[in-house]
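Novice: Next comes upload19.cif, mmCIF, N, CA and C atoms:
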data_coords
#
loop_
_atom_site.label_atom_id
_atom_site.label_comp_id
_atom_site.auth_asym_id
_atom_site.auth_seq_id
_atom_site.Cartn_x
_atom_site.Cartn_y
_atom_site.Cartn_z
N PHE A 8 94.44 148.19 24.77
CA PHE A 8 95.42 149.25 24.90
C PHE A 8 96.80 148.67 24.67
N THR A 9 97.60 149.38 23.93
CA THR A 9 98.93 148.89 23.63
C THR A 9 99.98 149.44 24.58
N SER A 10 99.64 150.50 25.32
CA SER A 10 100.60 151.06 26.27
C SER A 10 99.86 151.72 27.43
N LEU A 11 100.59 151.99 28.47
CA LEU A 11 100.01 152.68 29.62
C LEU A 11 99.55 154.08 29.22
N ARG A 12 100.28 154.72 28.34
CA ARG A 12 99.91 156.06 27.88
C ARG A 12 98.55 156.03 27.18
N ASP A 13 98.30 154.99 26.36
CA ASP A 13 96.99 154.85 25.70
C ASP A 13 95.88 154.69 26.73
N PHE A 14 96.15 153.90 27.76
CA PHE A 14 95.16 153.65 28.80
C PHE A 14 94.83 154.93 29.57
N VAL A 15 95.86 155.67 29.96
CA VAL A 15 95.66 156.90 30.74
C VAL A 15 94.97 157.97 29.92
N SER A 16 95.29 158.06 28.65
CA SER A 16 94.71 159.11 27.83
C SER A 16 93.31 158.76 27.31
N TYR A 17 92.87 157.52 27.49
CA TYR A 17 91.55 157.09 27.03
C TYR A 17 90.48 157.79 27.85
N THR A 18 89.50 158.36 27.20
CA THR A 18 88.41 159.06 27.87
C THR A 18 87.08 158.50 27.42
N MET A 19 86.29 158.05 28.40
CA MET A 19 84.94 157.59 28.12
C MET A 19 84.00 158.78 28.24
N THR A 20 82.89 158.69 27.55
CA THR A 20 81.86 159.71 27.71
C THR A 20 80.94 159.24 28.84
N VAL A 21 80.83 160.09 29.87
CA VAL A 21 80.02 159.77 31.04
C VAL A 21 79.05 160.92 31.26
N SER A 22 77.83 160.58 31.62
CA SER A 22 76.85 161.61 31.94
C SER A 22 77.35 162.44 33.13
N PRO A 23 77.18 163.76 33.10
CA PRO A 23 77.66 164.60 34.21
C PRO A 23 76.94 164.31 35.53
N THR A 24 75.85 163.54 35.48
CA THR A 24 75.11 163.21 36.70
C THR A 24 75.24 161.74 37.07
N TYR A 25 76.22 161.04 36.48
CA TYR A 25 76.37 159.60 36.74
C TYR A 25 76.82 159.34 38.18
N PHE A 26 75.99 158.60 38.91
CA PHE A 26 76.33 158.18 40.26
C PHE A 26 75.61 156.87 40.55
N LYS A 27 76.31 155.93 41.14
CA LYS A 27 75.72 154.65 41.48
C LYS A 27 75.69 154.53 43.00
N LEU A 28 74.51 154.46 43.56
CA LEU A 28 74.33 154.36 45.00
C LEU A 28 74.69 152.96 45.48
N PRO A 29 75.53 152.84 46.51
CA PRO A 29 75.89 151.52 47.02
C PRO A 29 74.74 150.89 47.80
N SER A 30 74.85 149.61 48.03
CA SER A 30 73.85 148.87 48.79
C SER A 30 73.73 149.44 50.20
N ILE A 31 72.51 149.54 50.70
CA ILE A 31 72.27 150.03 52.06
C ILE A 31 72.91 149.08 53.08
N LEU A 32 72.83 147.79 52.85
CA LEU A 32 73.42 146.81 53.76
C LEU A 32 74.94 146.97 53.82
N ALA A 33 75.57 147.10 52.66
CA ALA A 33 77.02 147.30 52.62
C ALA A 33 77.40 148.61 53.31
N SER A 34 76.62 149.65 53.06
CA SER A 34 76.90 150.95 53.68
C SER A 34 76.80 150.85 55.20
N GLY A 35 75.76 150.22 55.69
CA GLY A 35 75.60 150.06 57.13
C GLY A 35 76.74 149.30 57.76
N PHE A 36 77.16 148.23 57.10
CA PHE A 36 78.27 147.41 57.62
C PHE A 36 79.56 148.22 57.67
N VAL A 37 79.87 148.94 56.60
CA VAL A 37 81.11 149.72 56.54
C VAL A 37 81.06 150.88 57.54
N ILE A 38 79.96 151.59 57.58
CA ILE A 38 79.85 152.73 58.50
C ILE A 38 79.96 152.27 59.94
N PHE A 39 79.29 151.18 60.30
CA PHE A 39 79.36 150.69 61.67
C PHE A 39 80.76 150.17 62.00
N GLY A 40 81.32 149.34 61.13
CA GLY A 40 82.60 148.71 61.43
C GLY A 40 83.78 149.65 61.34
N MET A 41 83.90 150.35 60.21
CA MET A 41 85.09 151.17 59.98
C MET A 41 85.01 152.55 60.63
N TRP A 42 83.82 153.13 60.62
CA TRP A 42 83.71 154.51 61.07
C TRP A 42 83.07 154.67 62.44
N TYR A 43 82.67 153.56 63.09
CA TYR A 43 82.20 153.65 64.48
C TYR A 43 82.97 152.69 65.38
N LEU A 44 82.86 151.40 65.11
CA LEU A 44 83.43 150.41 66.02
C LEU A 44 84.95 150.50 66.12
N LEU A 45 85.63 150.58 64.99
CA LEU A 45 87.10 150.61 65.00
C LEU A 45 87.65 151.87 65.68
N PRO A 46 87.21 153.08 65.30
CA PRO A 46 87.76 154.25 66.01
C PRO A 46 87.32 154.33 67.47
N ALA A 47 86.10 153.90 67.77
CA ALA A 47 85.66 153.89 69.17
C ALA A 47 86.49 152.91 69.99
N SER A 48 86.84 151.79 69.40
CA SER A 48 87.66 150.80 70.10
C SER A 48 89.04 151.35 70.42
N VAL A 49 89.57 152.16 69.54
CA VAL A 49 90.92 152.68 69.70
C VAL A 49 90.94 153.97 70.51
N TYR A 50 90.01 154.88 70.25
CA TYR A 50 90.09 156.21 70.83
C TYR A 50 89.04 156.53 71.89
N ALA A 51 87.92 155.82 71.93
CA ALA A 51 86.84 156.16 72.87
C ALA A 51 86.10 154.89 73.28
N GLN A 52 86.77 154.07 74.07
CA GLN A 52 86.20 152.76 74.40
C GLN A 52 84.91 152.85 75.21
N HIS A 53 84.66 153.97 75.86
CA HIS A 53 83.42 154.15 76.59
C HIS A 53 82.19 154.20 75.66
N LEU A 54 82.41 154.38 74.35
CA LEU A 54 81.30 154.43 73.40
C LEU A 54 80.89 153.04 72.90
N ILE A 55 81.64 152.02 73.26
CA ILE A 55 81.29 150.65 72.86
C ILE A 55 80.12 150.19 73.73
N PRO A 56 79.01 149.77 73.12
CA PRO A 56 77.85 149.36 73.92
C PRO A 56 78.15 148.09 74.73
N ASN A 57 77.56 148.00 75.90
CA ASN A 57 77.74 146.83 76.75
C ASN A 57 76.72 145.77 76.36
N ILE A 58 77.20 144.70 75.75
CA ILE A 58 76.32 143.60 75.31
C ILE A 58 76.76 142.33 76.02
N GLY A 59 76.85 142.41 77.33
CA GLY A 59 77.19 141.24 78.13
C GLY A 59 78.56 140.68 77.82
N GLN A 60 78.63 139.37 77.72
CA GLN A 60 79.90 138.68 77.53
C GLN A 60 80.57 139.04 76.20
N PHE A 61 79.78 139.33 75.18
CA PHE A 61 80.36 139.72 73.90
C PHE A 61 81.24 140.95 74.05
N SER A 62 80.75 141.93 74.81
CA SER A 62 81.53 143.16 75.02
C SER A 62 82.82 142.86 75.76
N ASP A 63 82.75 141.98 76.76
CA ASP A 63 83.95 141.61 77.52
C ASP A 63 84.98 140.95 76.60
N LEU A 64 84.53 140.02 75.77
CA LEU A 64 85.43 139.34 74.85
C LEU A 64 86.02 140.32 73.82
N TYR A 65 85.16 141.20 73.33
CA TYR A 65 85.63 142.17 72.34
C TYR A 65 86.65 143.12 72.95
N MET A 66 86.39 143.61 74.15
CA MET A 66 87.32 144.54 74.78
C MET A 66 88.63 143.84 75.13
N LYS A 67 88.60 142.55 75.44
CA LYS A 67 89.84 141.79 75.65
C LYS A 67 90.61 141.72 74.35
N PHE A 68 89.90 141.45 73.23
CA PHE A 68 90.54 141.43 71.91
C PHE A 68 91.18 142.78 71.61
N VAL A 69 90.47 143.87 71.90
CA VAL A 69 90.99 145.22 71.66
C VAL A 69 92.23 145.47 72.50
N SER A 70 92.18 145.13 73.77
CA SER A 70 93.35 145.39 74.62
C SER A 70 94.55 144.53 74.21
N ASP A 71 94.30 143.31 73.75
CA ASP A 71 95.40 142.43 73.31
C ASP A 71 95.99 142.88 71.97
N ASN A 72 95.21 143.59 71.16
CA ASN A 72 95.64 143.98 69.81
C ASN A 72 95.54 145.47 69.56
N PHE A 73 95.69 146.26 70.62
CA PHE A 73 95.47 147.70 70.52
C PHE A 73 96.34 148.36 69.46
N GLY A 74 97.63 148.07 69.47
CA GLY A 74 98.55 148.68 68.51
C GLY A 74 98.19 148.33 67.08
N LEU A 75 97.85 147.06 66.85
CA LEU A 75 97.46 146.62 65.51
C LEU A 75 96.19 147.31 65.04
N LEU A 76 95.19 147.41 65.91
CA LEU A 76 93.93 148.05 65.54
C LEU A 76 94.14 149.54 65.24
N LYS A 77 94.99 150.19 66.03
CA LYS A 77 95.27 151.61 65.79
C LYS A 77 95.97 151.79 64.44
N THR A 78 96.92 150.90 64.14
CA THR A 78 97.62 150.96 62.86
C THR A 78 96.67 150.70 61.70
N ILE A 79 95.81 149.70 61.84
CA ILE A 79 94.83 149.39 60.79
C ILE A 79 93.93 150.60 60.53
N PHE A 80 93.42 151.20 61.59
CA PHE A 80 92.53 152.34 61.41
C PHE A 80 93.26 153.51 60.77
N THR A 81 94.47 153.79 61.23
CA THR A 81 95.24 154.91 60.68
C THR A 81 95.49 154.71 59.19
N TRP A 82 95.95 153.52 58.81
CA TRP A 82 96.23 153.26 57.40
C TRP A 82 94.96 153.21 56.56
N ALA A 83 93.87 152.72 57.14
CA ALA A 83 92.60 152.70 56.40
C ALA A 83 92.15 154.12 56.07
N VAL A 84 92.29 155.03 57.03
CA VAL A 84 91.92 156.42 56.78
C VAL A 84 92.83 157.03 55.71
N ILE A 85 94.12 156.75 55.79
CA ILE A 85 95.06 157.28 54.79
C ILE A 85 94.72 156.75 53.40
N VAL A 86 94.46 155.45 53.30
CA VAL A 86 94.12 154.86 51.99
C VAL A 86 92.80 155.42 51.47
N HIS A 87 91.80 155.55 52.33
CA HIS A 87 90.52 156.10 51.90
C HIS A 87 90.69 157.55 51.44
N ALA A 88 91.52 158.31 52.11
CA ALA A 88 91.77 159.69 51.70
C ALA A 88 92.44 159.72 50.32
N GLY A 89 93.40 158.83 50.10
CA GLY A 89 94.04 158.75 48.78
C GLY A 89 93.07 158.35 47.70
N GLU A 90 92.22 157.37 48.00
CA GLU A 90 91.21 156.96 47.02
C GLU A 90 90.24 158.09 46.71
N THR A 91 89.95 158.90 47.73
CA THR A 91 89.06 160.04 47.54
C THR A 91 89.69 161.06 46.59
N LEU A 92 90.98 161.27 46.72
CA LEU A 92 91.68 162.17 45.80
C LEU A 92 91.62 161.65 44.37
N VAL A 93 91.83 160.35 44.20
CA VAL A 93 91.73 159.75 42.86
C VAL A 93 90.31 159.93 42.32
N ALA A 94 89.30 159.71 43.18
CA ALA A 94 87.91 159.89 42.74
C ALA A 94 87.66 161.33 42.30
N LEU A 95 88.20 162.29 43.03
CA LEU A 95 88.05 163.69 42.65
C LEU A 95 88.67 163.95 41.28
N LEU A 96 89.87 163.43 41.08
CA LEU A 96 90.54 163.62 39.78
C LEU A 96 89.75 162.97 38.65
N LEU A 97 89.17 161.80 38.90
CA LEU A 97 88.35 161.14 37.87
C LEU A 97 87.08 161.94 37.58
N CYS A 98 86.49 162.49 38.62
CA CYS A 98 85.28 163.31 38.41
C CYS A 98 85.61 164.54 37.57
N ILE A 99 86.75 165.15 37.84
CA ILE A 99 87.18 166.31 37.05
C ILE A 99 87.46 165.88 35.62
N LYS A 100 88.15 164.76 35.45
CA LYS A 100 88.49 164.27 34.11
C LYS A 100 87.23 163.99 33.29
N HIS A 101 86.20 163.43 33.94
CA HIS A 101 84.97 163.07 33.22
C HIS A 101 83.93 164.19 33.25
N LYS A 102 84.32 165.35 33.80
CA LYS A 102 83.48 166.54 33.80
C LYS A 102 82.11 166.31 34.45
N LEU A 103 82.13 165.67 35.62
CA LEU A 103 80.89 165.48 36.37
C LEU A 103 80.53 166.79 37.05
N ASN A 104 79.24 167.00 37.31
CA ASN A 104 78.83 168.25 37.94
C ASN A 104 79.19 168.24 39.43
N LEU A 105 79.04 169.37 40.09
CA LEU A 105 79.47 169.52 41.48
C LEU A 105 78.75 168.56 42.42
N THR A 106 77.45 168.45 42.30
CA THR A 106 76.68 167.56 43.18
C THR A 106 77.12 166.12 43.01
N THR A 107 77.27 165.67 41.80
CA THR A 107 77.70 164.30 41.53
C THR A 107 79.12 164.07 42.03
N THR A 108 79.99 165.05 41.84
CA THR A 108 81.36 164.94 42.33
C THR A 108 81.38 164.80 43.85
N LEU A 109 80.58 165.60 44.54
CA LEU A 109 80.51 165.50 46.01
C LEU A 109 79.97 164.14 46.44
N LEU A 110 78.97 163.62 45.73
CA LEU A 110 78.45 162.28 46.05
C LEU A 110 79.53 161.22 45.89
N TRP A 111 80.29 161.28 44.80
CA TRP A 111 81.37 160.31 44.58
C TRP A 111 82.45 160.42 45.64
N ILE A 112 82.81 161.65 45.99
CA ILE A 112 83.85 161.86 46.99
C ILE A 112 83.42 161.27 48.34
N LEU A 113 82.22 161.56 48.75
CA LEU A 113 81.70 161.02 50.01
C LEU A 113 81.61 159.50 49.95
N ASN A 114 81.08 158.99 48.86
CA ASN A 114 80.94 157.55 48.70
C ASN A 114 82.29 156.84 48.77
N VAL A 115 83.27 157.37 48.07
CA VAL A 115 84.59 156.73 48.05
C VAL A 115 85.28 156.87 49.40
N PHE A 116 85.13 158.00 50.07
CA PHE A 116 85.75 158.13 51.38
C PHE A 116 85.15 157.14 52.37
N VAL A 117 83.84 156.96 52.35
CA VAL A 117 83.19 156.05 53.29
C VAL A 117 83.46 154.58 52.92
N HIS A 118 83.27 154.23 51.66
CA HIS A 118 83.34 152.83 51.24
C HIS A 118 84.70 152.39 50.70
N GLY A 119 85.50 153.33 50.29
CA GLY A 119 86.75 152.99 49.64
C GLY A 119 86.52 152.84 48.15
N GLY A 120 87.62 152.70 47.43
CA GLY A 120 87.53 152.67 45.97
C GLY A 120 87.51 151.28 45.49
#
Do you think you could lay out the structure here as structure tokens?
Specialist:
Amino acid sequence: FTSLRDFVSYTMTVSPTYFKLPSILASGFVIFGMWYLLPASVYAQHLIPNIGQFSDLYMKFVSDNFGLLKTIFTWAVIVHAGETLVALLLCIKHKLNLTTTLLWILNVFVHGG
């Protein structure tokens, strides 16, 4: 590409049903860490399971870094929402069907872009 305009206007041909499923292991890690452990640590600490000394150490870490963890979670949600909007625009640009678009939107919101 010789310019940004060439890059933006470039259109690939993509199947309307193109979707790539992420790894189950990666999905589990992201869902547990970002969408369970982090918000529960900040907003609902009673939902953190009691695993002996590990829980005590973790809750000490949370209390010592509460503001930072809340900021990280807030910005992570904002960034994921922005990435989801970009994914929606790309799905529209590439004329993906509704089901595939919804899969991409969910995937990008959960995993990030």
Novice: What would the selection look like, as a ChimeraX atom specification, if the PyMOL selection byres (((chain A and resi 24 and name CA) around 10) and name CA) were run on the coordinates I just shared?
Specialist: /A:21-23,25-27,102-108,110
Novice: Specify as a PDB file with N, CA and C atoms, in the frame of the given file each residue included when the PyMOL selection byres (((chain A and resi 50 and name CA) around 12) and name CA) is applied to this file.
Specialist:
ATOM      1  N   TRP A  42      83.820 153.130  60.620  1.00  0.00           N
ATOM      2  CA  TRP A  42      83.710 154.510  61.070  1.00  0.00           C
ATOM      3  C   TRP A  42      83.070 154.670  62.440  1.00  0.00           C
ATOM      4  N   TYR A  43      82.670 153.560  63.090  1.00  0.00           N
ATOM      5  CA  TYR A  43      82.200 153.650  64.480  1.00  0.00           C
ATOM      6  C   TYR A  43      82.970 152.690  65.380  1.00  0.00           C
ATOM      7  N   LEU A  44      82.860 151.400  65.110  1.00  0.00           N
ATOM      8  CA  LEU A  44      83.430 150.410  66.020  1.00  0.00           C
ATOM      9  C   LEU A  44      84.950 150.500  66.120  1.00  0.00           C
ATOM     10  N   LEU A  45      85.630 150.580  64.990  1.00  0.00           N
ATOM     11  CA  LEU A  45      87.100 150.610  65.000  1.00  0.00           C
ATOM     12  C   LEU A  45      87.650 151.870  65.680  1.00  0.00           C
ATOM     13  N   PRO A  46      87.210 153.080  65.300  1.00  0.00           N
ATOM     14  CA  PRO A  46      87.760 154.250  66.010  1.00  0.00           C
ATOM     15  C   PRO A  46      87.320 154.330  67.470  1.00  0.00           C
ATOM     16  N   ALA A  47      86.100 153.900  67.770  1.00  0.00           N
ATOM     17  CA  ALA A  47      85.660 153.890  69.170  1.00  0.00           C
ATOM     18  C   ALA A  47      86.490 152.910  69.990  1.00  0.00           C
ATOM     19  N   SER A  48      86.840 151.790  69.400  1.00  0.00           N
ATOM     20  CA  SER A  48      87.660 150.800  70.100  1.00  0.00           C
ATOM     21  C   SER A  48      89.040 151.350  70.420  1.00  0.00           C
ATOM     22  N   VAL A  49      89.570 152.160  69.540  1.00  0.00           N
ATOM     23  CA  VAL A  49      90.920 152.680  69.700  1.00  0.00           C
ATOM     24  C   VAL A  49      90.940 153.970  70.510  1.00  0.00           C
ATOM     25  N   ALA A  51      87.920 155.820  71.930  1.00  0.00           N
ATOM     26  CA  ALA A  51      86.840 156.160  72.870  1.00  0.00           C
ATOM     27  C   ALA A  51      86.100 154.890  73.280  1.00  0.00           C
ATOM     28  N   GLN A  52      86.770 154.070  74.070  1.00  0.00           N
ATOM     29  CA  GLN A  52      86.200 152.760  74.400  1.00  0.00           C
ATOM     30  C   GLN A  52      84.910 152.850  75.210  1.00  0.00           C
ATOM     31  N   HIS A  53      84.660 153.970  75.860  1.00  0.00           N
ATOM     32  CA  HIS A  53      83.420 154.150  76.590  1.00  0.00           C
ATOM     33  C   HIS A  53      82.190 154.200  75.660  1.00  0.00           C
ATOM     34  N   LEU A  54      82.410 154.380  74.350  1.00  0.00           N
ATOM     35  CA  LEU A  54      81.300 154.430  73.400  1.00  0.00           C
ATOM     36  C   LEU A  54      80.890 153.040  72.900  1.00  0.00           C
ATOM     37  N   ILE A  55      81.640 152.020  73.260  1.00  0.00           N
ATOM     38  CA  ILE A  55      81.290 150.650  72.860  1.00  0.00           C
ATOM     39  C   ILE A  55      80.120 150.190  73.730  1.00  0.00           C
ATOM     40  N   VAL A  69      90.470 143.870  71.900  1.00  0.00           N
ATOM     41  CA  VAL A  69      90.990 145.220  71.660  1.00  0.00           C
ATOM     42  C   VAL A  69      92.230 145.470  72.500  1.00  0.00           C
ATOM     43  N   SER A  70      92.180 145.130  73.770  1.00  0.00           N
ATOM     44  CA  SER A  70      93.350 145.390  74.620  1.00  0.00           C
ATOM     45  C   SER A  70      94.550 144.530  74.210  1.00  0.00           C
ATOM     46  N   PHE A  73      95.690 146.260  70.620  1.00  0.00           N
ATOM     47  CA  PHE A  73      95.470 147.700  70.520  1.00  0.00           C
ATOM     48  C   PHE A  73      96.340 148.360  69.460  1.00  0.00           C
ATOM     49  N   GLY A  74      97.630 148.070  69.470  1.00  0.00           N
ATOM     50  CA  GLY A  74      98.550 148.680  68.510  1.00  0.00           C
ATOM     51  C   GLY A  74      98.190 148.330  67.080  1.00  0.00           C
ATOM     52  N   LEU A  76      95.190 147.410  65.910  1.00  0.00           N
ATOM     53  CA  LEU A  76      93.930 148.050  65.540  1.00  0.00           C
ATOM     54  C   LEU A  76      94.140 149.540  65.240  1.00  0.00           C
ATOM     55  N   LYS A  77      94.990 150.190  66.030  1.00  0.00           N
ATOM     56  CA  LYS A  77      95.270 151.610  65.790  1.00  0.00           C
ATOM     57  C   LYS A  77      95.970 151.790  64.440  1.00  0.00           C
ATOM     58  N   PHE A  80      93.420 151.200  61.590  1.00  0.00           N
ATOM     59  CA  PHE A  80      92.530 152.340  61.410  1.00  0.00           C
ATOM     60  C   PHE A  80      93.260 153.510  60.770  1.00  0.00           C
ATOM     61  N   THR A  81      94.470 153.790  61.230  1.00  0.00           N
ATOM     62  CA  THR A  81      95.240 154.910  60.680  1.00  0.00           C
ATOM     63  C   THR A  81      95.490 154.710  59.190  1.00  0.00           C
TER      64      THR A  81
END
Novice: To one decimal in Å, tell me the separation between CA of Lys67 in chain A and atom C of Val84 in chain A.
Specialist: 25.3 Å
Novice: With a distance cut-off of 7 Å and all atoms listed in the file, select the neighbouring residues of Glu90 in chain A, excluding the residue or stretch itself and same-chain residues fewer than 2 positions from it, and output the selection as a list in words.
Specialist: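 What passes the distance filter is Ile85, Val86, His87, Ala88, Leu92, Val93, Ala94, Leu95, Val115, Phe116, Gly119 and Gly120 of chain A.
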Novice: Would you mind listing what lies within 8 Å of range 13-20 of chain A as a VMD selection string, with all atoms listed in the file counted and same-chain residues fewer than 3 positions away left out?
Specialist: chain A and resid 8 to 10 23 100 to 101
Novice: So what do you get for atom N of Thr78 in chain A versus atom N of Pro29 in chain A, distance-wise?
Specialist: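 Between these atoms lies a distance of 27.8 Å.
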